[in-house]
Amino acid sequence: MFKEWDMIRFLKRRIVNTFLYSVDGIKAAWKMEEAFRIESILALPLLIFAMFLPVMNIEKALLMGSVLLVLITELLNAGLEKTIDRISTHKHPLSKMVKDMGSAAVLFALLNGMVVWSLIVVIPFFKEWIVRMQ
């Protein structure tokens, strides 16, 4: 049976290893996936900007979550693509379908981000700008 300190050591090791595997995944995506690099570079200023916007915390969470959702979806899409490529390099309709579905998921995440940012930031900004112009 585990003693208390053994369980704590075990949990610490699991948490640290899980974190390190995640960092390895981010490094691999950065190195191998141009789309992930581009989205990450765009995400950083958006995440910082969202933190300092004068909006409610729930709106900040939605803004930041929509940006992170794009990165999450891109990572999953890259994983799907690499898995398909690992299985076979031959052209196959099912392989194309899986890759296209992953790409579609990224597209929906991007559209979600555009809608969220438009509703919370862009439209209110232009409404305020129009009122000031009158």
# chains A, B, ... in the order shown; residues from 1 in each chain; ligands from 1
>>> residues_around(residues="stretch 79-94 of chain A", least_positions_apart="5", cutoff="12 Å", atoms="only C-alpha atoms", output="MDAnalysis selection string")
chainID A and resid 25:26 28:29 32:33 36 72:74 99:103 105
>>> write_last_selection(atoms="N, CA, C and O atoms", output="short mmCIF file (atom, residue, chain, number, x, y, z; two decimals), in the first residue's frame")
data_model
loop_
_atom_site.label_atom_id
_atom_site.label_comp_id
_atom_site.auth_asym_id
_atom_site.auth_seq_id
_atom_site.Cartn_x
_atom_site.Cartn_y
_atom_site.Cartn_z
N GLY A 25 5.19 18.52 -27.02
CA GLY A 25 4.19 18.62 -28.10
C GLY A 25 4.13 20.02 -28.68
O GLY A 25 4.02 20.19 -29.91
N ILE A 26 4.19 21.03 -27.82
CA ILE A 26 4.17 22.42 -28.30
C ILE A 26 5.43 22.70 -29.12
O ILE A 26 5.36 23.32 -30.19
N ALA A 28 7.22 20.53 -30.81
CA ALA A 28 7.11 19.81 -32.09
C ALA A 28 6.18 20.55 -33.04
O ALA A 28 6.48 20.69 -34.23
N ALA A 29 5.06 21.03 -32.52
CA ALA A 29 4.12 21.77 -33.38
C ALA A 29 4.76 23.06 -33.88
O ALA A 29 4.61 23.42 -35.05
N MET A 32 7.34 22.02 -36.62
CA MET A 32 6.87 21.32 -37.82
C MET A 32 5.64 21.94 -38.48
O MET A 32 5.37 21.63 -39.64
N GLU A 33 4.89 22.77 -37.77
CA GLU A 33 3.61 23.23 -38.29
C GLU A 33 3.60 24.75 -38.48
O GLU A 33 3.50 25.51 -37.51
N PHE A 36 0.52 26.51 -37.03
CA PHE A 36 0.57 26.69 -35.58
C PHE A 36 1.47 27.86 -35.20
O PHE A 36 1.14 28.63 -34.30
N ILE A 72 -5.70 25.04 -29.74
CA ILE A 72 -6.03 23.66 -29.36
C ILE A 72 -6.46 22.86 -30.59
O ILE A 72 -6.00 21.73 -30.82
N THR A 73 -7.33 23.46 -31.39
CA THR A 73 -7.84 22.77 -32.57
C THR A 73 -6.71 22.53 -33.58
O THR A 73 -6.66 21.47 -34.21
N GLU A 74 -5.83 23.50 -33.72
CA GLU A 74 -4.70 23.33 -34.64
C GLU A 74 -3.78 22.19 -34.18
O GLU A 74 -3.30 21.42 -35.00
N LYS A 99 -8.24 14.41 -42.97
CA LYS A 99 -7.46 15.65 -42.98
C LYS A 99 -8.35 16.85 -43.25
O LYS A 99 -8.18 17.91 -42.64
N ASP A 100 -9.29 16.71 -44.17
CA ASP A 100 -10.20 17.81 -44.47
C ASP A 100 -11.10 18.15 -43.28
O ASP A 100 -11.39 19.32 -43.01
N MET A 101 -11.53 17.12 -42.56
CA MET A 101 -12.35 17.36 -41.37
C MET A 101 -11.56 18.09 -40.29
O MET A 101 -12.10 18.98 -39.61
N GLY A 102 -10.31 17.71 -40.11
CA GLY A 102 -9.46 18.43 -39.16
C GLY A 102 -9.29 19.88 -39.56
O GLY A 102 -9.36 20.78 -38.72
N SER A 103 -9.09 20.11 -40.84
CA SER A 103 -8.97 21.47 -41.34
C SER A 103 -10.27 22.25 -41.13
O SER A 103 -10.25 23.43 -40.77
N ALA A 105 -12.39 21.76 -38.75
CA ALA A 105 -12.48 22.07 -37.32
C ALA A 105 -11.70 23.34 -37.00
O ALA A 105 -12.17 24.20 -36.23
#
>>> residues_around(residues="A:Ile58", least_positions_apart="6", cutoff="12 Å", atoms="only C-alpha atoms", output="PDB file with C-alpha atoms, in the first residue's frame")
ATOM      1  CA  ALA A  50      -7.818  40.799 -24.003  1.00  0.00           C
ATOM      2  CA  MET A  51      -6.394  40.909 -20.466  1.00  0.00           C
ATOM      3  CA  MET A  64      -9.075  34.466 -24.474  1.00  0.00           C
ATOM      4  CA  GLY A  65     -10.869  31.131 -24.747  1.00  0.00           C
ATOM      5  CA  VAL A 116     -16.577  36.422 -30.301  1.00  0.00           C
ATOM      6  CA  ILE A 120     -17.263  41.923 -27.686  1.00  0.00           C
TER       7      ILE A 120
END
>>> atom_distance(atom1="atom CA of A:Val67", atom2="atom CA of A:Lys127")
23.5 Å
>>> closest_residue(among="A:Lys12, A:Arg132, A:Leu76, A:Trp5", to="A:Val98", atoms="only C-alpha atoms")
A:Leu76
>>> atom_distance(atom1="atom CA of A:Gly113", atom2="atom CA of A:Leu68")
9.2 Å
>>> atom_distance(atom1="atom CA of A:Leu69", atom2="atom CA of A:Ala109")
6.2 Å
>>> residues_around(residues="A:Val122", least_positions_apart="6", cutoff="12 Å", atoms="only C-alpha atoms", output="JSON list (two decimals) with N, CA, C and O atoms, in the first residue's frame")
[["chain", "number", "residue", "atom", "x", "y", "z"],
["A", 53, "LEU", "N", -8.43, 44.78, -21.73],
["A", 53, "LEU", "CA", -9.63, 45.45, -22.23],
["A", 53, "LEU", "C", -10.56, 45.80, -21.07],
["A", 53, "LEU", "O", -10.69, 45.03, -20.12],
["A", 63, "LEU", "N", -13.03, 35.95, -24.84],
["A", 63, "LEU", "CA", -12.04, 36.40, -25.82],
["A", 63, "LEU", "C", -10.81, 35.50, -25.79],
["A", 63, "LEU", "O", -10.34, 35.02, -26.84],
["A", 113, "GLY", "N", -13.75, 32.47, -33.15],
["A", 113, "GLY", "CA", -12.95, 33.58, -32.64],
["A", 113, "GLY", "C", -13.35, 34.89, -33.26],
["A", 113, "GLY", "O", -13.45, 35.91, -32.57],
["A", 114, "MET", "N", -13.58, 34.89, -34.56],
["A", 114, "MET", "CA", -13.99, 36.12, -35.23],
["A", 114, "MET", "C", -15.33, 36.63, -34.70],
["A", 114, "MET", "O", -15.50, 37.83, -34.48],
["A", 115, "VAL", "N", -16.26, 35.73, -34.49],
["A", 115, "VAL", "CA", -17.58, 36.13, -33.97],
["A", 115, "VAL", "C", -17.45, 36.69, -32.55],
["A", 115, "VAL", "O", -17.99, 37.75, -32.24],
["A", 116, "VAL", "N", -16.73, 35.98, -31.69],
["A", 116, "VAL", "CA", -16.58, 36.42, -30.30],
["A", 116, "VAL", "C", -15.90, 37.78, -30.25],
["A", 116, "VAL", "O", -16.38, 38.70, -29.56],
["A", 128, "GLU", "N", -19.30, 53.02, -30.49],
["A", 128, "GLU", "CA", -18.79, 54.15, -29.71],
["A", 128, "GLU", "C", -18.17, 55.21, -30.61],
["A", 128, "GLU", "O", -18.36, 56.40, -30.44],
["A", 129, "TRP", "N", -17.42, 54.76, -31.59],
["A", 129, "TRP", "CA", -16.76, 55.67, -32.53],
["A", 129, "TRP", "C", -17.79, 56.48, -33.32],
["A", 129, "TRP", "O", -17.65, 57.67, -33.51]]
>>> closest_residue(among="A:Glu4, A:Ala78, A:Phe108, A:Leu119", to="A:Trp30", atoms="only C-alpha atoms")
A:Ala78
